[in-house]
Structure formats: C-alpha cells, structure tokens
2 protein chains.
Amino acid sequence: MEQYNVCFLGFGNVGRAVARLLAAKSSELRDLYGVEYRITGVASRRIGWLAKSEGTNEARGLDVSSLLDGSASPNDSSSANGISDWLQLAQPDAVFETTSLNPESGQPAINYLRAVMQSGAHAITANKGVLVHGYRELNELAQSVGKRFLFEASVLDSAPVFSLFRECLPAVKLRGFSGVFSSTTNVILETMEAGRSFEDGLKAAQELGVTETDPGHDIDGLDATVKVCALANVLMNLSLKPEDVTREGIRELGSSRVQAARTQGKPFKLIARARLGGKGKLAASVRPEQLAPSDPLANVRGTSLAVHFELDMMPGLTITSHRPNLQSTAYGLLADFINAVRSNDRRN
Amino acid sequence: MEQYNVCFLGFGNVGRAVARLLAAKSSELRDLYGVEYRITGVASRRIGWLAKSEGTNEARGLDVSSLLDGSASPNDSSSANGISDWLQLAQPDAVFETTSLNPESGQPAINYLRAVMQSGAHAITANKGVLVHGYRELNELAQSVGKRFLFEASVLDSAPVFSLFRECLPAVKLRGFSGVFSSTTNVILETMEAGRSFEDGLKAAQELGVTETDPGHDIDGLDATVKVCALANVLMNLSLKPEDVTREGIRELGSSRVQAARTQGKPFKLIARARLGGKGKLAASVRPEQLAPSDPLANVRGTSLAVHFELDMMPGLTITSHRPNLQSTAYGLLADFINAVRSNDRRN
C-alpha cells in the first residue's frame, strides 16, 4: 500500500468534484491499485494557500469537509505564502490543477505546474490553456524530473483522448480530426432550431451549467479553438496557436438560417476541424457548419461532445461522450492520478 | 534496441496483413519504441509448421515474401512436428494467433495460446472464441509466466476497447453496453432497405469481404453473440457463454418489414446488448432492433462498427470505427505487439 499526498490548486466546482470522487472511490483505489491518499493542501483565490499544519493530524491530512461545504477553512491548516511555500508545507506527490483558463497565455497555470513538478510531484491539470502555451516545456520538464504531466480532462472531459493515443494507439499517424467541443453552442443552436431566441439558448446553457465563466469564449469559438490547438500540439506534435485557427462563432447565424438548416436535415453545429495538407501544413478552423446526416458528428446533440479522428491505420475513429456531467470531468482527473501512481508492474 | 522473434500461427488474410504491416511500420517500431523484429515461424493448415532453420539466415529470420505471395515456402525453413516442436525451433518472443474461430469451444486456439505462453512468448490473438472459453485460464497463465495475453482486434477490429478499459478507464464500473458488431448484417439490411433481396445483400457483404467463413455465423447473430461474451467476460469479469445470450438473427425479418422500418425513420439493425440487473445478473441479447434516430448507434451504417458503454463515471461513451479494413484489423494486433514489448519506462 502506498500513501500519497495530494493537493488542489484551484478549488472551484471541478476541484471539489475531484475531492468528492477521491473519497467515493477510495476503496477501489486501495483494493485495485494499492493507493491511499490524504489531502495536504488546498489553494484558491478565495481560500488562499492552505496546507496541512506540520505535526498535527499526520495520518489524515487536511479535513476538507468544511471546504467542500463551501464554508470555513479547516482548523488544522496553516496558510502559506504563495506557491513555493505552499508546496514546501504540503509536500504533495500529486497536484490537481484546476485554476481558470487564460486562453491568451496559459498563465498562471503554466508557472504553477512547473513549480509542482520541480517540487517532485505529478502534475494533473484540466487546463487546456497550458497545452497551447506550455505543452512542450512542461512535457520535457516531466521527463527530466521523472514525474507525469497529465491532462485528460482538458478537451473532452472524461472521455479518453490523450491516454487513448498514448496507450492504445501506438505508432499511428493522425492526419486530421473534427469535433463538437462546445456544449454551449450546441444547446444555443438547438434552442434556436426550436424557434426560440439566441438569448433563450444561452440562458438554457447557463442553467445546465455548461458555459464557460465568460460565455463569449464558447459563443465566439475561442474555447473550441483552444481545444483544437491542444489536440494538434499534443497529438500531432505541432505548435499551433489560437491565431493560426480560422475562427467564426455562432453570433451572426440568425434564427431563420438555423431553422432552415434543420428543416433541410442538415443542422448547423459549431465544428472544430484540423487537417494536415500536402506539405505537412495544418489547416484548422472553428466555425458553424451544416453537417450531412451521414457525418460522424451529425448525431452529437445537447451537452454531448465528440471527436472524430482520421488515422493512417483506420479510416475513422469517433469518440462520443454523451451528456458528461461534473463527475465525468472529475473522473478525467482521477484517471490521470491513477495512471500517474499505479505501478508499472500491474500490467496484464 | 531490442530484437524480437515473432511467429504467426494462422497465416490467412489477417496474419498476412500483420506481416505486411510490421514491414511497413518497421522504422516507427525502431525509432519510437526501439524494437526490431524477425519472423522465425509461420504455421497454418495449408503451409504446415514452418520455422527458421537453425544456423541459417540468423539475422533476418524467415523470408516470408514467397508466403505473402501465397506461393511457395521459403528455402531456408524447416518443417516442425506440431506446436511444441515448432515453438522449440522458432523460439518466439511473441506469437500472432489468427487461426479460425470455433465459437463452441475456442479450440484449438486455446491450446495453442497456452503453449505459446508456456514457451515464454507473448500471446496476441484476434480470436474472440478464446475469450468465451478460455479467458480466465489464459489471463492467469499470462500473469504467472510474466507474459502478456492481448486480444484487441477480436471484437471491434482496430478500435481500442480492451486497452481502453485497461489503460484509460481505471476504476470505472461498466454497467452495460450495446453494439453493432456485424458488418454483414448491416450491409444485408441496408440492401433490403433499398428494395433488393436478402440474397443480394449477402452477396454485397461477401464482395466487400466482411463475412465470416460461414456467413450463417453473422446472419444468425452467433458472431455478435460471441463478441458479447468476450466483452462481458473481460470487462465485467463474468463467465458468459453463448447459450446465456438471447439470440435472434435477421433471416426472418423480410424485406417489407425492413423497408417499412426505414421509412418510419427507425431502421432495423442487429443490436448486441448487455446490462447488469438489480442482483448483479446480466441480461444479454443479440437481435434485430429498430433504433430511434437519437440512439448512439443509429448512425452506424455499412461496414462501420460501434460499441456504446454505460459507465458509473460517465453516462455514455461510444466508440465508432468507420469502415475498418483489413489493415485496421492487422493494426489491432500490431498495437498489442507494441504494448507487449515496449518498455514500461517509456511512459510520459
């Protein structure tokens, strides 16, 4: 049995869902993977840099139940002075990083993840921004310090994408991909198809809890654009930036066009697309497209997400995640944690 | 750089496609995984038990080009006397087993795979029959001898299913699944929808090269039933046998019902389905079902295959393999080979 110190950098909806899921799956962690954990640090803008007080409550780490309630800080914690001090106090083996997205720079998440791995901990993030602006550096750092840098939840929530290529699809060449990466735009467009307004659609998406903090990121396709860059950079070894992606959101579509497209049987969706051209150059776009019923993404509706891959070894492979919820996203981070810590000799 | 002896047990379409793919991907094997290989044995009903003659052609192993042409045996081979003698002569590190399916017993493949692992080689098979009748035994043997027993190509060709659960979905609980596991029945039903006969559809499927040797296995749902058992036994740790699955093929449907269903927008497909009930009992069936357009499997047409999983951690995860070809199937076996031999320390 191995005991792991885990910490949370960011403790919003996703971070808290991971903490709950760790507790819910603790017997599987122990029985299947020989893993026990304690939470030794929690940091967020609201909470500050909490870490386990040295010497007290050694066996359990922090009692985060009061934080999960969204109320007070645990009694047994001390407050650290920024990331370095916090890592020093909390001594993590793995850190769940779920701070908010900065699509322009990936910061401060990149600096945090660098510090996490330099302190000797595995870095697990849900932050797609770091894959646009810091993937190569962080991946090289992980290799040089012998830790894992994992980010399964960053593009398709719990649905395996990065681990799929890493573990299940060795020696394939990815030629291109297309995807429905935004629940918000799906919900808005379907609301408009039903004869209601763009604003009604946005409200419906917000009520479902699927929009980004700034819903403009979804509506104008920036969120999907960052995901295109993340996939291209990790899976195709490129250095794609948001400005390299042709981008058009759904603001200008208008209800009558949206309804007419549905009547034709070729409804609009916000489609992300990337394809290697003849000279190894990637053509990438995020824009509303009318999909034929035979398109692999045609059936992706509501809050479901999907990605379709074109590979040298198979004409098409589609991964569809139906109506993922907050727990699904948290599971993407939990799976990364298990993959980081389970011993390599458990194979077969 | 590691040098591996690989052997083929069964050398029909799939085995030969694996041999061609190994050659086509040899530089990736070398550059990405530090793996070199030589073919030291090929056995089939037609060819007999060929192995590398001791002492000759040490560096290359067998020259299989004449076998790939489907013509003569290589000059430098000796003929062994059954499996034990063959394994002794060929000294494999990994064996690709692609002998034909026996849905009733899984034999002789189970005996072969046992001998392969007992001789110290990894066992890689495309044979779903062995997962019905020998999974537990062969898996335990693999663990006790420290070799891998892998079978990714057996259910959904190249699309990752078994490695997906093993590597990407730790600590999930599978509650049930549904699938389109037969190209042949898809093609027959779509031909009938277009107003042509059952026999025309069967002919079309045979021309596409997607039918089993005995097309009755597809048409009567036996092939799909074996796949249901394979998935349930490996992914849900059950001991399901074909007789435990409610089975109904597509022979009795009749063109008018098939056409009427399509006109309704709810076409028939041969759907495999399994679901855990309240008392941990699995209800499993293979039968023609009319799918609503919103069903995750509704869009799976022609020679495409798909499986939809219901998991505790996500409401639904669908894997769709679009129009897989012979190379795709071969890739499933190649991926197993790479996963068997790549060193565990390559991670991240």
# chains A, B, ... in the order shown; residues from 1 in each chain; ligands from 1

call {"tool": "closest_atom_pairs", "arguments": {"of": "chain A", "to": "chain B", "cutoff": "7 Å", "atoms": "only C-alpha atoms", "output": "Markdown table"}}
result
| residue | atom | partner | partner_atom | distance |
| --- | --- | --- | --- | --- |
| A:Glu28 | CA | B:Ala171 | CA | 6.3 |
| A:Gln143 | CA | B:Asn348 | CA | 6.6 |
| A:Arg148 | CA | B:Asn348 | CA | 6.2 |
| A:Pro160 | CA | B:Cys168 | CA | 6.2 |
| A:Ser163 | CA | B:Cys168 | CA | 5.7 |
| A:Leu164 | CA | B:Cys168 | CA | 6.5 |
| A:Glu167 | CA | B:Glu167 | CA | 6.4 |
| A:Cys168 | CA | B:Ser163 | CA | 5.7 |
| A:Leu169 | CA | B:Ala335 | CA | 6.5 |
| A:Pro170 | CA | B:Ala335 | CA | 5.9 |
| A:Ala171 | CA | B:Glu28 | CA | 6.3 |
| A:Ser294 | CA | B:Asn299 | CA | 6.9 |
| A:Asn299 | CA | B:Ser294 | CA | 6.9 |
| A:Met313 | CA | B:Ser328 | CA | 5.5 |
| A:Met314 | CA | B:Ser328 | CA | 5.2 |
| A:Pro315 | CA | B:His322 | CA | 6.1 |
| A:Gly316 | CA | B:His322 | CA | 4.8 |
| A:Leu317 | CA | B:Ser321 | CA | 4.8 |
| A:Thr318 | CA | B:Thr320 | CA | 5.0 |
| A:Ile319 | CA | B:Ile319 | CA | 5.0 |
| A:Thr320 | CA | B:Thr318 | CA | 5.0 |
| A:Ser321 | CA | B:Leu317 | CA | 4.8 |
| A:His322 | CA | B:Gly316 | CA | 4.8 |
| A:Arg323 | CA | B:Pro315 | CA | 6.4 |
| A:Pro324 | CA | B:Met314 | CA | 5.9 |
| A:Gln327 | CA | B:Met313 | CA | 6.6 |
| A:Ser328 | CA | B:Met314 | CA | 5.2 |
| A:Tyr331 | CA | B:Met313 | CA | 6.5 |
| A:Ala335 | CA | B:Pro170 | CA | 5.9 |
| A:Ile338 | CA | B:Pro170 | CA | 7.0 |
| A:Asn344 | CA | B:Asn344 | CA | 6.1 |
| A:Asn348 | CA | B:Arg148 | CA | 6.1 |

call {"tool": "write_last_selection", "arguments": {"atoms": "N, CA and C atoms", "output": "compact mmCIF listing (two decimals), in the first residue's frame"}}
result
# COMPACT_ATOMS: atom_id res chain seq x y z
N GLU A 28 -11.87 1.41 -4.12
CA GLU A 28 -11.30 0.91 -5.38
C GLU A 28 -9.82 1.30 -5.49
N GLN A 143 9.58 14.75 -18.10
CA GLN A 143 10.54 13.68 -18.40
C GLN A 143 11.83 13.86 -17.63
N ARG A 148 4.90 12.66 -13.93
CA ARG A 148 3.94 12.67 -15.03
C ARG A 148 3.26 14.03 -15.12
N PRO A 160 -11.66 9.46 -22.93
CA PRO A 160 -10.23 9.33 -23.15
C PRO A 160 -9.83 9.82 -24.55
N SER A 163 -4.89 9.77 -23.33
CA SER A 163 -4.42 8.44 -22.92
C SER A 163 -4.69 7.43 -24.02
N LEU A 164 -5.75 7.67 -24.81
CA LEU A 164 -6.06 6.78 -25.93
C LEU A 164 -4.89 6.71 -26.91
N GLU A 167 -1.62 5.26 -25.00
CA GLU A 167 -1.60 3.86 -24.56
C GLU A 167 -2.19 2.89 -25.57
N CYS A 168 -3.21 3.30 -26.31
CA CYS A 168 -3.97 2.35 -27.13
C CYS A 168 -3.63 2.44 -28.61
N LEU A 169 -3.07 3.53 -29.06
CA LEU A 169 -2.86 3.72 -30.50
C LEU A 169 -1.39 3.98 -30.81
N PRO A 170 -0.49 3.07 -30.40
CA PRO A 170 0.92 3.30 -30.68
C PRO A 170 1.19 3.28 -32.18
N ALA A 171 2.14 4.11 -32.61
CA ALA A 171 2.63 4.08 -33.99
C ALA A 171 1.58 4.45 -35.04
N SER A 294 -25.06 11.79 -42.57
CA SER A 294 -24.08 10.70 -42.52
C SER A 294 -22.77 11.12 -41.85
N ASN A 299 -24.90 13.30 -35.13
CA ASN A 299 -25.80 12.91 -34.04
C ASN A 299 -25.42 13.47 -32.67
N MET A 313 -4.05 4.24 -39.94
CA MET A 313 -4.35 2.83 -39.74
C MET A 313 -5.84 2.52 -39.74
N MET A 314 -6.67 3.55 -39.68
CA MET A 314 -8.11 3.28 -39.75
C MET A 314 -8.79 4.50 -40.35
N PRO A 315 -9.76 4.26 -41.21
CA PRO A 315 -10.37 5.39 -41.91
C PRO A 315 -10.99 6.41 -40.97
N GLY A 316 -11.59 5.97 -39.88
CA GLY A 316 -12.20 6.94 -38.98
C GLY A 316 -12.49 6.31 -37.63
N LEU A 317 -12.20 7.05 -36.59
CA LEU A 317 -12.47 6.58 -35.22
C LEU A 317 -13.13 7.74 -34.49
N THR A 318 -14.36 7.53 -34.03
CA THR A 318 -15.09 8.60 -33.34
C THR A 318 -15.29 8.24 -31.87
N ILE A 319 -15.00 9.19 -31.02
CA ILE A 319 -15.24 9.04 -29.58
C ILE A 319 -16.33 10.03 -29.20
N THR A 320 -17.44 9.52 -28.69
CA THR A 320 -18.55 10.39 -28.31
C THR A 320 -18.81 10.25 -26.82
N SER A 321 -18.87 11.38 -26.15
CA SER A 321 -19.17 11.39 -24.73
C SER A 321 -20.57 11.98 -24.56
N HIS A 322 -21.50 11.14 -24.11
CA HIS A 322 -22.89 11.55 -24.04
C HIS A 322 -23.19 12.23 -22.71
N ARG A 323 -23.61 13.48 -22.81
CA ARG A 323 -24.06 14.23 -21.64
C ARG A 323 -23.14 14.09 -20.44
N PRO A 324 -21.84 14.41 -20.62
CA PRO A 324 -20.95 14.32 -19.46
C PRO A 324 -21.39 15.30 -18.39
N GLN A 327 -19.13 15.15 -12.49
CA GLN A 327 -18.41 13.97 -12.01
C GLN A 327 -17.57 13.37 -13.14
N SER A 328 -18.10 13.41 -14.38
CA SER A 328 -17.33 12.88 -15.51
C SER A 328 -16.03 13.66 -15.67
N TYR A 331 -13.70 12.70 -13.09
CA TYR A 331 -13.13 11.38 -13.36
C TYR A 331 -11.93 11.46 -14.29
N ALA A 335 -8.61 9.61 -13.25
CA ALA A 335 -7.94 8.61 -14.11
C ALA A 335 -6.47 8.98 -14.30
N ILE A 338 -4.62 8.03 -11.10
CA ILE A 338 -4.37 6.58 -11.00
C ILE A 338 -3.27 6.18 -11.97
N ASN A 344 3.98 0.41 -12.60
CA ASN A 344 4.05 -0.10 -13.96
C ASN A 344 3.95 -1.61 -14.02
N ASN A 348 -1.24 -6.27 -17.31
CA ASN A 348 -1.85 -7.58 -17.55
C ASN A 348 -2.41 -8.19 -16.28

call {"tool": "residues_around", "arguments": {"residues": "Arg196 (chain B)", "least_positions_apart": "4", "cutoff": "12 Å", "atoms": "only C-alpha atoms", "output": "mmCIF file with N, CA and C atoms, in the first residue's frame"}}
result
data_model
loop_
_atom_site.group_PDB
_atom_site.id
_atom_site.type_symbol
_atom_site.label_atom_id
_atom_site.label_comp_id
_atom_site.auth_asym_id
_atom_site.auth_seq_id
_atom_site.Cartn_x
_atom_site.Cartn_y
_atom_site.Cartn_z
ATOM 1 N N VAL B 187 -24.914 -4.567 -43.845
ATOM 2 C CA VAL B 187 -24.932 -4.472 -45.309
ATOM 3 C C VAL B 187 -26.170 -5.165 -45.878
ATOM 4 N N ILE B 188 -26.517 -6.321 -45.341
ATOM 5 C CA ILE B 188 -27.709 -7.033 -45.829
ATOM 6 C C ILE B 188 -28.965 -6.189 -45.590
ATOM 7 N N LEU B 189 -29.112 -5.655 -44.381
ATOM 8 C CA LEU B 189 -30.319 -4.883 -44.064
ATOM 9 C C LEU B 189 -30.408 -3.620 -44.914
ATOM 10 N N GLU B 190 -29.278 -2.976 -45.162
ATOM 11 C CA GLU B 190 -29.313 -1.753 -45.977
ATOM 12 C C GLU B 190 -29.622 -2.073 -47.445
ATOM 13 N N THR B 191 -29.160 -3.231 -47.906
ATOM 14 C CA THR B 191 -29.513 -3.653 -49.260
ATOM 15 C C THR B 191 -31.025 -3.902 -49.360
ATOM 16 N N MET B 192 -31.568 -4.540 -48.335
ATOM 17 C CA MET B 192 -33.012 -4.805 -48.321
ATOM 18 C C MET B 192 -33.809 -3.501 -48.235
ATOM 19 N N ASP B 200 -29.232 -10.701 -52.311
ATOM 20 C CA ASP B 200 -28.412 -9.622 -52.879
ATOM 21 C C ASP B 200 -27.527 -8.984 -51.803
ATOM 22 N N GLY B 201 -28.128 -8.797 -50.630
ATOM 23 C CA GLY B 201 -27.383 -8.182 -49.526
ATOM 24 C C GLY B 201 -26.227 -9.050 -49.079
ATOM 25 N N LEU B 202 -26.488 -10.345 -48.976
ATOM 26 C CA LEU B 202 -25.415 -11.261 -48.575
ATOM 27 C C LEU B 202 -24.289 -11.240 -49.597
ATOM 28 N N LYS B 203 -24.689 -11.215 -50.876
ATOM 29 C CA LYS B 203 -23.684 -11.171 -51.940
ATOM 30 C C LYS B 203 -22.854 -9.887 -51.827
ATOM 31 N N ALA B 204 -23.529 -8.775 -51.574
ATOM 32 C CA ALA B 204 -22.805 -7.500 -51.431
ATOM 33 C C ALA B 204 -21.798 -7.571 -50.283
ATOM 34 N N GLY B 254 -37.677 -10.193 -43.340
ATOM 35 C CA GLY B 254 -38.469 -9.949 -44.552
ATOM 36 C C GLY B 254 -38.338 -8.516 -45.045
ATOM 37 N N SER B 255 -38.254 -8.375 -46.378
ATOM 38 C CA SER B 255 -37.983 -7.069 -46.984
ATOM 39 C C SER B 255 -39.014 -6.010 -46.641
ATOM 40 N N SER B 256 -40.281 -6.398 -46.563
ATOM 41 C CA SER B 256 -41.294 -5.352 -46.365
ATOM 42 C C SER B 256 -41.176 -4.741 -44.972
ATOM 43 N N VAL B 258 -38.422 -4.588 -43.206
ATOM 44 C CA VAL B 258 -37.174 -3.820 -43.194
ATOM 45 C C VAL B 258 -37.379 -2.467 -43.872
ATOM 46 N N GLN B 259 -38.098 -2.485 -44.994
ATOM 47 C CA GLN B 259 -38.328 -1.220 -45.711
ATOM 48 C C GLN B 259 -39.272 -0.298 -44.940
#

call {"tool": "select_by_dssp", "arguments": {"residues": "region 171-285 of chain B", "states": "strand (DSSP E or B)", "output": "ChimeraX atom specification"}}
result
/B:174-180,246-247,268-276,282-285

call {"tool": "residues_around", "arguments": {"residues": "Arg275 (chain B)", "least_positions_apart": "3", "cutoff": "12 Å", "atoms": "only C-alpha atoms", "output": "list in words"}}
result
Lys173, Leu174, Arg175, Gly176, Phe177, Ser178, Gly179, Val228, Leu231, Ala232, Met236, Val245, Ala272, Gly278, Lys279, Gly280, Lys281, Leu282, Ala283, Ala284, Ser285, His308, Phe309, Glu310 and Leu311 of chain B

call {"tool": "residues_around", "arguments": {"residues": "Val226 (chain A)", "least_positions_apart": "5", "cutoff": "8 Å", "atoms": "only C-alpha atoms", "output": "PyMOL selection string"}}
result
chain A and resi 103+128-129+132+241-242

call {"tool": "write_last_selection", "arguments": {"atoms": "all heavy atoms", "output": "short mmCIF file (atom, residue, chain, number, x, y, z; two decimals), in the first residue's frame"}}
result
data_model
loop_
_atom_site.label_atom_id
_atom_site.label_comp_id
_atom_site.auth_asym_id
_atom_site.auth_seq_id
_atom_site.Cartn_x
_atom_site.Cartn_y
_atom_site.Cartn_z
N PRO A 103 -6.85 31.87 -22.05
CA PRO A 103 -6.55 31.37 -23.40
C PRO A 103 -5.39 32.12 -24.06
O PRO A 103 -4.76 31.59 -24.98
CB PRO A 103 -7.85 31.58 -24.17
CG PRO A 103 -8.67 32.52 -23.37
CD PRO A 103 -8.19 32.49 -21.96
N LYS A 128 -6.81 23.50 -20.51
CA LYS A 128 -6.37 23.37 -21.90
C LYS A 128 -5.43 24.49 -22.33
O LYS A 128 -4.64 24.32 -23.26
CB LYS A 128 -7.56 23.27 -22.85
CG LYS A 128 -8.57 24.39 -22.69
CD LYS A 128 -9.86 24.05 -23.45
CE LYS A 128 -10.97 25.04 -23.13
NZ LYS A 128 -11.60 24.80 -21.83
N GLY A 129 -5.51 25.62 -21.64
CA GLY A 129 -4.64 26.75 -21.99
C GLY A 129 -3.16 26.40 -21.89
O GLY A 129 -2.35 26.85 -22.71
N VAL A 132 -1.68 24.86 -25.00
CA VAL A 132 -1.43 25.77 -26.12
C VAL A 132 -0.10 26.49 -25.92
O VAL A 132 0.70 26.62 -26.83
CB VAL A 132 -2.56 26.81 -26.23
CG1 VAL A 132 -2.29 27.78 -27.38
CG2 VAL A 132 -3.90 26.11 -26.41
N LYS A 241 -1.18 27.91 -32.45
CA LYS A 241 -1.68 28.95 -31.55
C LYS A 241 -3.08 29.36 -32.01
O LYS A 241 -3.41 29.20 -33.20
CB LYS A 241 -0.76 30.17 -31.62
CG LYS A 241 0.62 29.94 -31.01
CD LYS A 241 0.58 30.18 -29.50
CE LYS A 241 1.96 30.24 -28.86
NZ LYS A 241 2.68 28.97 -28.90
N PRO A 242 -3.90 29.91 -31.10
CA PRO A 242 -5.27 30.28 -31.49
C PRO A 242 -5.33 31.14 -32.74
O PRO A 242 -6.23 30.98 -33.57
CB PRO A 242 -5.78 31.03 -30.25
CG PRO A 242 -5.04 30.41 -29.12
CD PRO A 242 -3.67 30.09 -29.66
#

call {"tool": "atom_distance", "arguments": {"atom1": "CA of Leu222 (chain B)", "atom2": "CA of Gln264 (chain B)"}}
result
28.0 Å

call {"tool": "atom_distance", "arguments": {"atom1": "CA of Arg287 (chain B)", "atom2": "CA of Tyr135 (chain B)"}}
result
25.0 Å

call {"tool": "atom_distance", "arguments": {"atom1": "CA of Thr303 (chain A)", "atom2": "CA of Val210 (chain A)"}}
result
7.6 Å

call {"tool": "closest_residue", "arguments": {"among": "A:Asn13, A:Ser144, A:Gln91, A:Ser84", "to": "Ala115 (chain A)", "atoms": "only C-alpha atoms"}}
result
A:Ser84

call {"tool": "select_by_dssp", "arguments": {"residues": "region 166-211 of chain B", "states": "helix (DSSP H, G or I)", "output": "PyMOL selection string"}}
result
chain B and resi 166-168+183-193+198-208
